file protein_17.txt (compact mmCIF, C-alpha atoms)
# COMPACT_ATOMS: atom_id res chain seq x y z
CA MET A 63 -39.76 4.08 -5.36
CA PRO A 64 -38.37 6.33 -8.09
CA LYS A 65 -37.49 9.08 -5.62
CA PHE A 66 -35.33 6.74 -3.52
CA VAL A 67 -33.58 5.44 -6.62
CA ASP A 68 -32.72 8.96 -7.75
CA HIS A 69 -31.37 9.77 -4.30
CA GLU A 70 -29.06 6.73 -4.39
CA LYS A 71 -28.04 7.51 -7.95
CA GLN A 72 -27.09 11.05 -7.00
CA LYS A 73 -25.02 9.78 -4.07
CA ILE A 74 -23.16 7.42 -6.41
CA LEU A 75 -22.53 10.26 -8.86
CA LEU A 76 -21.04 12.31 -6.03
CA ALA A 77 -18.91 9.38 -4.85
CA GLU A 78 -17.62 8.87 -8.39
CA ALA A 79 -16.76 12.57 -8.56
CA VAL A 80 -14.65 12.05 -5.41
CA TRP A 81 -12.93 9.06 -7.06
CA ARG A 82 -12.05 11.11 -10.15
CA ILE A 83 -10.57 13.96 -8.11
CA ILE A 84 -8.53 11.52 -6.01
CA ARG A 85 -7.10 9.86 -9.11
CA ARG A 86 -6.42 13.10 -10.98
CA GLU A 87 -5.24 15.45 -8.23
CA GLY A 88 -4.98 13.52 -4.96
CA ILE A 89 -7.31 13.23 -1.98
CA GLU A 90 -6.19 16.58 -0.54
CA LYS A 91 -7.92 18.30 -3.48
CA ALA A 92 -11.27 16.61 -2.75
CA SER A 93 -12.80 19.61 -0.97
CA VAL A 94 -16.58 20.02 -0.79
CA ARG A 95 -16.35 22.86 -3.32
CA ASN A 96 -14.25 20.84 -5.79
CA ILE A 97 -16.45 17.76 -5.47
CA ALA A 98 -19.60 19.81 -6.14
CA GLU A 99 -17.95 21.39 -9.20
CA GLU A 100 -16.76 17.99 -10.49
CA ALA A 101 -20.25 16.50 -10.06
CA GLY A 102 -21.88 19.58 -11.59
CA ILE A 103 -24.15 20.40 -8.66
CA SER A 104 -24.20 23.19 -6.06
CA THR A 105 -22.62 22.71 -2.63
CA GLY A 106 -26.11 23.49 -1.27
CA SER A 107 -27.72 20.50 -3.05
CA MET A 108 -24.77 18.36 -2.02
CA ARG A 109 -25.76 18.83 1.62
CA HIS A 110 -29.06 17.20 0.75
CA TYR A 111 -27.18 13.94 0.25
CA PHE A 112 -24.30 14.17 2.70
CA SER A 113 -24.17 16.43 5.74
CA THR A 114 -20.36 16.29 6.02
CA GLN A 115 -17.36 15.65 3.78
CA SER A 116 -16.40 12.75 6.05
CA GLU A 117 -19.81 11.12 5.43
CA LEU A 118 -19.36 11.44 1.68
CA PHE A 119 -15.81 10.03 1.92
CA ALA A 120 -17.08 7.01 3.88
CA PHE A 121 -19.77 6.43 1.24
CA ALA A 122 -17.25 6.77 -1.60
CA MET A 123 -14.87 4.36 0.16
CA GLU A 124 -17.64 1.84 0.84
CA LEU A 125 -18.66 2.02 -2.82
CA VAL A 126 -15.24 0.62 -3.82
CA ALA A 127 -15.74 -2.34 -1.49
CA THR A 128 -19.28 -2.87 -2.79
CA ARG A 129 -18.13 -2.92 -6.42
CA VAL A 130 -15.43 -5.50 -5.61
CA LYS A 131 -17.90 -7.62 -3.63
CA GLU A 132 -20.47 -7.54 -6.46
CA ARG A 133 -17.83 -8.76 -8.87
CA MET A 134 -16.84 -11.57 -6.50
CA GLU A 135 -20.50 -12.63 -6.16
CA ARG A 136 -20.78 -12.97 -9.93
CA PHE A 137 -17.74 -15.28 -9.99
CA ALA A 138 -18.50 -18.59 -11.73
CA PHE A 139 -16.81 -21.42 -9.85
CA SER A 140 -15.42 -24.14 -12.11
CA GLY A 141 -15.14 -26.83 -9.47
CA ASN A 142 -11.34 -26.92 -9.72
CA PRO A 143 -10.25 -25.34 -6.40
CA VAL A 144 -6.74 -24.41 -7.56
CA GLU A 145 -7.89 -22.80 -10.80
CA ASP A 146 -10.74 -21.01 -9.01
CA MET A 147 -8.32 -19.65 -6.42
CA ARG A 148 -6.03 -18.34 -9.15
CA LYS A 149 -8.90 -16.60 -10.94
CA LEU A 150 -10.40 -15.19 -7.73
CA LEU A 151 -7.04 -13.70 -6.74
CA LEU A 152 -6.64 -12.09 -10.17
CA GLU A 153 -10.10 -10.52 -9.70
CA LEU A 154 -8.62 -8.63 -6.74
CA LEU A 155 -5.68 -7.24 -8.71
CA PRO A 156 -5.72 -4.13 -10.94
CA MET A 157 -5.76 -6.14 -14.17
CA ASP A 158 -7.82 -3.55 -16.09
CA GLU A 159 -8.70 0.15 -15.95
CA GLU A 160 -11.80 -0.38 -13.77
CA ARG A 161 -9.88 -2.29 -11.10
CA ARG A 162 -6.93 0.09 -11.38
CA ALA A 163 -9.27 2.97 -10.50
CA GLU A 164 -10.69 1.01 -7.57
CA THR A 165 -7.22 0.13 -6.27
CA GLU A 166 -5.93 3.71 -6.45
CA VAL A 167 -8.98 5.11 -4.69
CA TRP A 168 -9.05 2.31 -2.14
CA LEU A 169 -5.41 2.85 -1.17
CA ALA A 170 -5.85 6.62 -0.93
CA PHE A 171 -8.80 6.13 1.44
CA ASN A 172 -6.91 3.57 3.53
CA ILE A 173 -3.97 5.93 4.00
CA LYS A 174 -6.41 8.70 4.92
CA ALA A 175 -8.06 6.27 7.36
CA LEU A 176 -4.83 6.30 9.42
CA SER A 177 -5.83 9.76 10.65
CA ASP A 178 -9.65 9.57 10.20
CA PRO A 179 -11.55 7.38 12.71
CA ASN A 180 -14.67 7.31 10.50
CA LEU A 181 -12.82 5.78 7.56
CA LYS A 182 -10.72 3.64 9.89
CA LYS A 183 -13.78 1.64 11.01
CA LEU A 184 -14.66 0.87 7.41
CA SER A 185 -11.06 0.00 6.57
CA THR A 186 -10.94 -2.45 9.48
CA ARG A 187 -14.23 -4.09 8.54
CA VAL A 188 -13.27 -4.62 4.89
CA TYR A 189 -9.80 -5.82 5.92
CA GLN A 190 -11.43 -8.50 8.07
CA GLU A 191 -13.84 -9.51 5.29
CA MET A 192 -10.98 -9.80 2.82
CA LYS A 193 -8.96 -11.81 5.29
CA GLN A 194 -11.88 -14.21 5.69
CA GLY A 195 -11.89 -14.63 1.93
CA MET A 196 -8.17 -15.43 1.99
CA SER A 197 -8.71 -17.90 4.87
CA LEU A 198 -11.42 -19.66 2.88
CA MET A 199 -9.07 -20.14 -0.07
CA VAL A 200 -6.25 -21.54 2.08
CA ASP A 201 -8.65 -23.76 4.05
CA THR A 202 -10.16 -25.12 0.84
CA LEU A 203 -6.74 -26.19 -0.41
CA ILE A 204 -5.99 -27.83 2.94
CA GLN A 205 -9.38 -29.61 3.10
CA TYR A 206 -9.03 -31.02 -0.39
CA ASP A 207 -5.49 -32.11 0.51
CA LEU A 208 -4.07 -30.00 -2.29
CA ALA A 209 -1.66 -27.89 -0.23
CA VAL A 210 1.88 -28.96 0.64
CA SER A 211 1.95 -30.50 4.10
CA GLU A 212 4.44 -28.18 5.80
CA ILE A 213 2.34 -25.01 5.75
CA ASP A 214 1.31 -23.05 8.81
CA ARG A 215 -2.26 -22.00 8.05
CA ASP A 216 -2.27 -18.59 9.80
CA SER A 217 1.06 -17.45 8.36
CA GLU A 218 -0.07 -18.62 4.95
CA ILE A 219 -3.18 -16.46 5.12
CA GLU A 220 -1.08 -13.40 6.01
CA ASN A 221 1.35 -14.22 3.20
CA LEU A 222 -1.37 -14.64 0.63
CA TYR A 223 -3.19 -11.46 1.62
CA GLY A 224 0.11 -9.56 1.88
CA LEU A 225 1.18 -10.76 -1.56
CA ILE A 226 -2.07 -9.70 -3.22
CA ASP A 227 -2.16 -6.23 -1.68
CA GLY A 228 1.58 -5.76 -2.28
CA LEU A 229 1.22 -6.65 -5.97
CA ALA A 230 -1.81 -4.32 -6.21
CA LEU A 231 0.17 -1.49 -4.62
CA HIS A 232 3.14 -2.05 -6.95
CA ALA A 233 0.89 -2.30 -9.99
CA ILE A 234 -0.44 1.21 -9.40
CA ILE A 235 2.86 2.76 -8.25
CA ARG A 236 4.90 1.20 -11.07
CA THR A 237 2.47 0.37 -13.83
CA ASP A 238 5.17 -0.43 -16.42
CA ASP A 239 6.88 -2.91 -14.12
CA LEU A 240 3.76 -4.91 -13.34
CA PRO A 241 1.60 -5.41 -16.42
CA PRO A 242 -1.28 -7.93 -16.08
CA GLU A 243 0.86 -10.83 -17.41
CA THR A 244 3.47 -10.29 -14.70
CA MET A 245 0.80 -10.29 -11.98
CA GLU A 246 -0.62 -13.50 -13.43
CA GLU A 247 2.80 -15.16 -13.42
CA ALA A 248 3.49 -14.02 -9.85
CA VAL A 249 0.16 -15.42 -8.61
CA SER A 250 0.65 -18.68 -10.52
CA GLN A 251 4.12 -19.13 -9.06
CA TYR A 252 2.81 -18.52 -5.54
CA ILE A 253 -0.03 -21.05 -5.97
CA GLY A 254 2.28 -23.53 -7.68
CA ARG A 255 4.56 -23.62 -4.68
CA LEU A 256 1.69 -23.71 -2.18
CA CYS A 257 0.21 -26.79 -3.84
CA LYS A 258 1.54 -30.33 -4.05
CA MET B 358 31.31 24.31 7.63
CA PRO B 359 29.05 25.01 10.58
CA LYS B 360 26.66 27.10 8.51
CA PHE B 361 26.08 24.31 6.00
CA VAL B 362 25.47 21.81 8.81
CA ASP B 363 22.87 24.09 10.39
CA HIS B 364 21.18 24.53 7.03
CA GLU B 365 20.91 20.75 6.57
CA LYS B 366 19.77 20.32 10.17
CA GLN B 367 17.00 22.86 9.68
CA LYS B 368 15.85 21.10 6.51
CA ILE B 369 15.68 17.82 8.41
CA LEU B 370 13.70 19.46 11.21
CA LEU B 371 11.22 20.75 8.64
CA ALA B 372 10.98 17.33 6.97
CA GLU B 373 10.32 15.70 10.33
CA ALA B 374 7.60 18.27 11.00
CA VAL B 375 5.98 17.14 7.72
CA TRP B 376 6.24 13.50 8.85
CA ARG B 377 4.52 14.27 12.16
CA ILE B 378 1.64 16.12 10.49
CA ILE B 379 1.17 13.30 7.95
CA ARG B 380 1.00 10.71 10.73
CA ARG B 381 -1.25 12.74 13.01
CA GLU B 382 -3.63 14.43 10.58
CA GLY B 383 -2.96 13.17 7.06
CA ILE B 384 -0.95 14.62 4.17
CA GLU B 385 -3.77 16.99 3.19
CA LYS B 386 -3.11 18.93 6.41
CA ALA B 387 0.56 19.46 5.60
CA SER B 388 0.14 23.04 4.33
CA VAL B 389 3.08 25.46 4.38
CA ARG B 390 1.45 27.31 7.28
CA ASN B 391 0.89 24.13 9.34
CA ILE B 392 4.40 22.85 8.68
CA ALA B 393 5.95 26.15 9.78
CA GLU B 394 3.86 26.12 12.94
CA GLU B 395 4.74 22.48 13.68
CA ALA B 396 8.46 23.20 13.20
CA GLY B 397 8.23 26.41 15.24
CA ILE B 398 9.54 28.76 12.54
CA SER B 399 7.96 31.46 10.39
CA THR B 400 6.74 30.71 6.86
CA GLY B 401 9.18 33.43 5.79
CA SER B 402 12.25 31.61 7.17
CA MET B 403 10.89 28.36 5.72
CA ARG B 404 11.29 29.82 2.24
CA HIS B 405 14.98 30.15 2.99
CA TYR B 406 15.21 26.35 2.94
CA PHE B 407 12.57 25.32 0.42
CA SER B 408 11.12 27.54 -2.27
CA THR B 409 7.98 25.40 -2.74
CA GLN B 410 5.92 22.92 -0.74
CA SER B 411 6.59 20.32 -3.44
CA GLU B 412 10.36 20.75 -2.92
CA LEU B 413 9.96 20.21 0.83
CA PHE B 414 7.74 17.16 0.22
CA ALA B 415 10.37 15.63 -2.09
CA PHE B 416 13.06 16.24 0.55
CA ALA B 417 10.87 14.74 3.31
CA MET B 418 10.11 11.71 1.11
CA GLU B 419 13.77 11.23 0.18
CA LEU B 420 14.68 11.40 3.88
CA VAL B 421 12.62 8.25 4.52
CA ALA B 422 14.54 6.40 1.81
CA THR B 423 17.86 7.70 3.17
CA ARG B 424 17.08 6.49 6.71
CA VAL B 425 16.18 3.01 5.43
CA LYS B 426 19.31 2.90 3.27
CA GLU B 427 21.54 3.94 6.17
CA ARG B 428 20.08 1.14 8.28
CA MET B 429 20.68 -1.37 5.50
CA GLU B 430 24.31 -0.22 5.16
CA ARG B 431 24.90 -0.90 8.85
CA PHE B 432 23.60 -4.46 8.45
CA ALA B 433 26.12 -7.04 9.72
CA PHE B 434 26.15 -10.02 7.37
CA SER B 435 26.55 -13.36 9.15
CA GLY B 436 27.66 -15.36 6.13
CA ASN B 437 24.53 -17.53 6.20
CA PRO B 438 22.62 -16.33 3.10
CA VAL B 439 19.22 -17.64 4.23
CA GLU B 440 19.45 -16.16 7.71
CA ASP B 441 20.79 -12.86 6.34
CA MET B 442 17.91 -12.68 3.87
CA ARG B 443 15.41 -13.23 6.66
CA LYS B 444 16.94 -10.47 8.79
CA LEU B 445 17.29 -8.03 5.90
CA LEU B 446 13.62 -8.48 4.99
CA LEU B 447 12.57 -7.88 8.58
CA GLU B 448 14.59 -4.63 8.51
CA LEU B 449 12.21 -3.43 5.79
CA LEU B 450 9.08 -4.16 7.81
CA PRO B 451 7.51 -1.89 10.46
CA MET B 452 8.77 -3.99 13.38
CA ASP B 453 9.18 -1.01 15.73
CA GLU B 454 7.90 2.54 16.15
CA GLU B 455 10.70 4.10 14.06
CA ARG B 456 10.00 1.87 11.07
CA ARG B 457 6.25 2.20 11.55
CA ALA B 458 6.62 5.97 11.21
CA GLU B 459 8.75 5.55 8.08
CA THR B 460 6.26 3.13 6.53
CA GLU B 461 3.23 5.36 7.15
CA VAL B 462 4.96 8.44 5.75
CA TRP B 463 6.44 6.52 2.82
CA LEU B 464 3.05 5.13 1.79
CA ALA B 465 1.37 8.53 2.12
CA PHE B 466 4.01 10.07 -0.17
CA ASN B 467 3.72 7.23 -2.68
CA ILE B 468 -0.05 7.66 -2.93
CA LYS B 469 0.46 11.41 -3.34
CA ALA B 470 3.06 10.63 -6.03
CA LEU B 471 0.25 9.22 -8.21
CA SER B 472 -0.86 12.80 -8.88
CA ASP B 473 2.47 14.65 -8.30
CA PRO B 474 5.15 14.22 -11.02
CA ASN B 475 7.89 15.54 -8.71
CA LEU B 476 7.31 12.83 -6.10
CA LYS B 477 6.61 10.26 -8.82
CA LYS B 478 10.21 10.44 -10.05
CA LEU B 479 11.51 9.75 -6.57
CA SER B 480 9.00 6.95 -6.01
CA THR B 481 10.10 5.29 -9.27
CA ARG B 482 13.80 5.58 -8.42
CA VAL B 483 13.44 4.09 -4.94
CA TYR B 484 11.13 1.36 -6.26
CA GLN B 485 13.87 0.34 -8.72
CA GLU B 486 16.54 0.40 -6.00
CA MET B 487 14.40 -1.74 -3.71
CA LYS B 488 13.70 -4.14 -6.54
CA GLN B 489 17.44 -4.48 -7.17
CA GLY B 490 17.83 -5.38 -3.50
CA MET B 491 15.14 -8.05 -3.84
CA SER B 492 16.81 -9.38 -7.02
CA LEU B 493 20.12 -9.65 -5.19
CA MET B 494 18.53 -11.77 -2.45
CA VAL B 495 16.83 -14.14 -4.89
CA ASP B 496 19.96 -14.38 -7.06
CA THR B 497 22.12 -15.16 -4.02
CA LEU B 498 19.86 -18.08 -3.10
CA ILE B 499 19.98 -19.36 -6.68
CA GLN B 500 23.77 -18.97 -6.97
CA TYR B 501 24.40 -20.83 -3.73
CA ASP B 502 21.99 -23.52 -4.93
CA LEU B 503 19.76 -22.95 -1.90
CA ALA B 504 16.51 -22.22 -3.75
CA VAL B 505 14.09 -24.88 -4.92
CA SER B 506 14.71 -25.71 -8.56
CA GLU B 507 11.28 -24.89 -10.01
CA ILE B 508 11.33 -21.13 -9.42
CA ASP B 509 11.01 -18.51 -12.10
CA ARG B 510 13.48 -15.80 -11.04
CA ASP B 511 11.57 -12.74 -12.28
CA SER B 512 8.21 -13.82 -10.83
CA GLU B 513 9.95 -14.65 -7.58
CA ILE B 514 11.38 -11.14 -7.30
CA GLU B 515 7.91 -9.63 -7.83
CA ASN B 516 6.45 -12.03 -5.28
CA LEU B 517 9.08 -11.27 -2.67
CA TYR B 518 8.84 -7.52 -3.12
CA GLY B 519 5.03 -7.69 -3.23
CA LEU B 520 4.92 -9.76 -0.06
CA ILE B 521 7.16 -7.36 1.88
CA ASP B 522 5.29 -4.21 0.85
CA GLY B 523 1.93 -5.95 1.36
CA LEU B 524 2.86 -7.02 4.89
CA ALA B 525 4.15 -3.49 5.60
CA LEU B 526 0.87 -1.99 4.34
CA HIS B 527 -1.21 -4.40 6.44
CA ALA B 528 0.93 -3.83 9.51
CA ILE B 529 0.12 -0.12 9.49
CA ILE B 530 -3.52 -0.45 8.44
CA ARG B 531 -4.29 -3.28 10.89
CA THR B 532 -1.66 -3.04 13.61
CA ASP B 533 -3.39 -5.53 15.94
CA ASP B 534 -3.58 -8.19 13.25
CA LEU B 535 0.08 -8.03 12.32
CA PRO B 536 2.31 -7.72 15.38
CA PRO B 537 6.08 -8.19 14.80
CA GLU B 538 5.91 -11.95 15.61
CA THR B 539 3.30 -12.53 12.90
CA MET B 540 5.42 -10.68 10.34
CA GLU B 541 8.43 -12.79 11.35
CA GLU B 542 6.45 -16.01 10.95
CA ALA B 543 5.10 -14.92 7.57
CA VAL B 544 8.59 -14.09 6.28
CA SER B 545 10.04 -17.34 7.67
CA GLN B 546 7.30 -19.37 6.01
CA TYR B 547 7.94 -17.66 2.68
CA ILE B 548 11.69 -18.26 2.87
CA GLY B 549 11.17 -21.83 4.10
CA ARG B 550 9.18 -22.70 1.01
CA LEU B 551 11.53 -20.84 -1.35
CA CYS B 552 14.52 -22.83 -0.08
CA LYS B 553 15.35 -26.51 -0.47
call {"tool": "encode", "arguments": {"input": "protein_17.txt", "output": "structure tokens"}}
result
Amino acid sequence: MPKFVDHEKQKILLAEAVWRIIRREGIEKASVRNIAEEAGISTGSMRHYFSTQSELFAFAMELVATRVKERMERFAFSGNPVEDMRKLLLELLPMDEERRAETEVWLAFNIKALSDPNLKKLSTRVYQEMKQGMSLMVDTLIQYDLAVSEIDRDSEIENLYGLIDGLALHAIIRTDDLPPETMEEAVSQYIGRLCK
Amino acid sequence: MPKFVDHEKQKILLAEAVWRIIRREGIEKASVRNIAEEAGISTGSMRHYFSTQSELFAFAMELVATRVKERMERFAFSGNPVEDMRKLLLELLPMDEERRAETEVWLAFNIKALSDPNLKKLSTRVYQEMKQGMSLMVDTLIQYDLAVSEIDRDSEIENLYGLIDGLALHAIIRTDDLPPETMEEAVSQYIGRLCK
């Protein structure tokens, strides 16, 4: 199906053009005209792929989630639950340029989602998926009797998820303050205190 | 100085108009024309208060920080460091409508700051001030010998600050998932494990 593949490829190119504009100039500059120019196609051909800007935004936002999910699926479990948890959490943080780009774009879309019902649905769905991932990590530690006994499971899940997204936010707002080593230390300290 | 007071008042009215547009429609809709309309004044009179949109944005962003700071200055310390820490942290979270508004607007400005050097300076300054506040809390626990012995001070400060901003972010993205009680429990659990 070469035609289908090209269609998908073109959509991804357009989504990546949106990402670049968001990172360089902010989401308010991602007009249909600017996106077309950035991607090097006409606004007319753009309508062949997306009928509205909102549709393109939803696709570009979903693409961030897809990229993160693909990376998580490639994760090689070691069999050591504590070490695997540490590494999985670091996968979610902007430890390199690729993940920094994803984090910046993801946050911009989530803030936009506060006033855009289309993006809001996607934001909610991914939030729930991520929270399930966090629950799985906490539950694994509890099941293997690795966690300290006095934890409240539900609060712990909120804490863990809050910590990761807070560190991600800080790492893009104040890059110099949160280099990869500092994020690693912060995550290690959190896990160290959560475990026996 | 009644004239000066009126001038300041008008600037605050304009800043609050920006806040309302950001919350309702997103920061990309906060054009000079829309702000003037929302505030009920002409774009001509608006230029009397702010010569550029960027200047108004910086004022509106700073106003969020000022409101938070004023609330912190009114905080009545009880003398119990652990309980005071818990209450101070909750002051920083969107526990009511006023703080929810501040959090939404603050995050929108911080994301915009990634591509706006003028706002970036302000974002950096407030980030450092907030981090000093977090350091003070952690140091107080250490000085009073209330913290567990195995903490690494610097990582702890990043964790605490990350947790608070992560919970704030989640509370505005997924309001239903993080009602005030859940935020309280999450903060209590964090402090409980940090302390002996």
call {"tool": "interface_residues", "arguments": {"input": "protein_17.txt", "of": "chain A", "to": "chain B", "cutoff": "6 Å", "atoms": "all atoms listed in the file", "output": "list in words"}}
result
Arg86, Glu87, Gly88, Glu90, Ser177, Ser217, Asn221, Gly224, Leu225, Asp227, Gly228, Leu229 and Ala248 of chain A
call {"tool": "residues_near_point", "arguments": {"input": "protein_17.txt", "point": "(-19.1, 7.8, -4.3)", "cutoff": "9 Å", "atoms": "only C-alpha atoms", "output": "list of chain:residue names"}}
result
A:Lys73, A:Ile74, A:Leu75, A:Leu76, A:Ala77, A:Glu78, A:Ala79, A:Val80, A:Trp81, A:Leu118, A:Phe119, A:Ala120, A:Phe121, A:Ala122, A:Met123, A:Glu124, A:Leu125, A:Val126
call {"tool": "axis_aligned_box", "arguments": {"input": "protein_17.txt", "around": "region 496-507 of chain B", "padding_each_side": "5 Å", "output": "lines of an AutoDock Vina configuration file"}}
result
center_x = 17.8
center_y = -20.0
center_z = -6.0
size_x = 23.1
size_y = 21.3
size_z = 18.1
call {"tool": "closest_residue", "arguments": {"input": "protein_17.txt", "among": "A:Val94, A:Ala127, A:Ile253, A:Ile204", "to": "Glu164 (chain A)", "atoms": "all atoms listed in the file"}}
result
A:Ala127
call {"tool": "atom_distance", "arguments": {"input": "protein_17.txt", "atom1": "CA of Met134 (chain A)", "atom2": "CA of Pro179 (chain A)"}}
result
27.5 Å
call {"tool": "atom_distance", "arguments": {"input": "protein_17.txt", "atom1": "CA of Glu430 (chain B)", "atom2": "CA of Arg443 (chain B)"}}
result
15.8 Å
call {"tool": "closest_residue", "arguments": {"input": "protein_17.txt", "among": "A:Ala101, A:Cys257, A:Leu203, A:Ala209", "to": "Pro143 (chain A)", "atoms": "only C-alpha atoms"}}
result
A:Leu203
call {"tool": "closest_residue", "arguments": {"input": "protein_17.txt", "among": "A:Asn180, A:Leu198, A:Gln72, A:Thr128", "to": "Leu150 (chain A)", "atoms": "only C-alpha atoms"}}
result
A:Leu198
call {"tool": "atom_distance", "arguments": {"input": "protein_17.txt", "atom1": "CA of Lys149 (chain A)", "atom2": "CA of Ser492 (chain B)"}}
result
27.0 Å
call {"tool": "decode", "arguments": {"input": "protein_17.txt", "residues": "region 105-147 of chain A", "atoms": "C-alpha atoms", "output": "PDB file, in the first residue's frame"}}
result
ATOM      1  CA  THR A 105      -2.176  25.256   2.388  1.00  0.00           C
ATOM      2  CA  GLY A 106      -4.327  23.684  -0.355  1.00  0.00           C
ATOM      3  CA  SER A 107      -2.458  20.342  -0.232  1.00  0.00           C
ATOM      4  CA  MET A 108      -2.497  20.514   3.548  1.00  0.00           C
ATOM      5  CA  ARG A 109      -6.296  20.266   3.471  1.00  0.00           C
ATOM      6  CA  HIS A 110      -5.860  16.928   1.737  1.00  0.00           C
ATOM      7  CA  TYR A 111      -4.463  15.556   4.999  1.00  0.00           C
ATOM      8  CA  PHE A 112      -6.278  17.535   7.664  1.00  0.00           C
ATOM      9  CA  SER A 113      -9.554  19.380   7.194  1.00  0.00           C
ATOM     10  CA  THR A 114      -9.030  21.651  10.223  1.00  0.00           C
ATOM     11  CA  GLN A 115      -6.154  23.027  12.281  1.00  0.00           C
ATOM     12  CA  SER A 116      -7.679  21.365  15.344  1.00  0.00           C
ATOM     13  CA  GLU A 117      -7.507  17.958  13.605  1.00  0.00           C
ATOM     14  CA  LEU A 118      -3.842  18.491  12.775  1.00  0.00           C
ATOM     15  CA  PHE A 119      -3.128  19.608  16.356  1.00  0.00           C
ATOM     16  CA  ALA A 120      -4.787  16.460  17.731  1.00  0.00           C
ATOM     17  CA  PHE A 121      -2.692  14.320  15.372  1.00  0.00           C
ATOM     18  CA  ALA A 122       0.513  16.167  16.323  1.00  0.00           C
ATOM     19  CA  MET A 123      -0.316  15.765  20.028  1.00  0.00           C
ATOM     20  CA  GLU A 124      -1.126  12.068  19.639  1.00  0.00           C
ATOM     21  CA  LEU A 125       2.171  11.570  17.808  1.00  0.00           C
ATOM     22  CA  VAL A 126       4.060  12.619  20.970  1.00  0.00           C
ATOM     23  CA  ALA A 127       2.189   9.994  22.989  1.00  0.00           C
ATOM     24  CA  THR A 128       2.815   7.362  20.296  1.00  0.00           C
ATOM     25  CA  ARG A 129       6.560   8.041  20.247  1.00  0.00           C
ATOM     26  CA  VAL A 130       6.747   7.714  24.052  1.00  0.00           C
ATOM     27  CA  LYS A 131       4.674   4.521  23.986  1.00  0.00           C
ATOM     28  CA  GLU A 132       6.877   2.978  21.261  1.00  0.00           C
ATOM     29  CA  ARG A 133       9.938   3.676  23.360  1.00  0.00           C
ATOM     30  CA  MET A 134       8.306   2.100  26.415  1.00  0.00           C
ATOM     31  CA  GLU A 135       7.406  -1.021  24.389  1.00  0.00           C
ATOM     32  CA  ARG A 136      11.046  -1.458  23.401  1.00  0.00           C
ATOM     33  CA  PHE A 137      12.090  -1.364  27.067  1.00  0.00           C
ATOM     34  CA  ALA A 138      14.153  -4.422  28.040  1.00  0.00           C
ATOM     35  CA  PHE A 139      13.143  -5.578  31.513  1.00  0.00           C
ATOM     36  CA  SER A 140      16.056  -6.828  33.609  1.00  0.00           C
ATOM     37  CA  GLY A 141      13.997  -8.758  36.140  1.00  0.00           C
ATOM     38  CA  ASN A 142      15.031  -6.452  38.983  1.00  0.00           C
ATOM     39  CA  PRO A 143      11.789  -4.536  39.721  1.00  0.00           C
ATOM     40  CA  VAL A 144      13.477  -1.615  41.506  1.00  0.00           C
ATOM     41  CA  GLU A 145      16.102  -1.081  38.825  1.00  0.00           C
ATOM     42  CA  ASP A 146      13.509  -1.466  36.057  1.00  0.00           C
ATOM     43  CA  MET A 147      11.281   1.115  37.737  1.00  0.00           C
TER      44      MET A 147
END
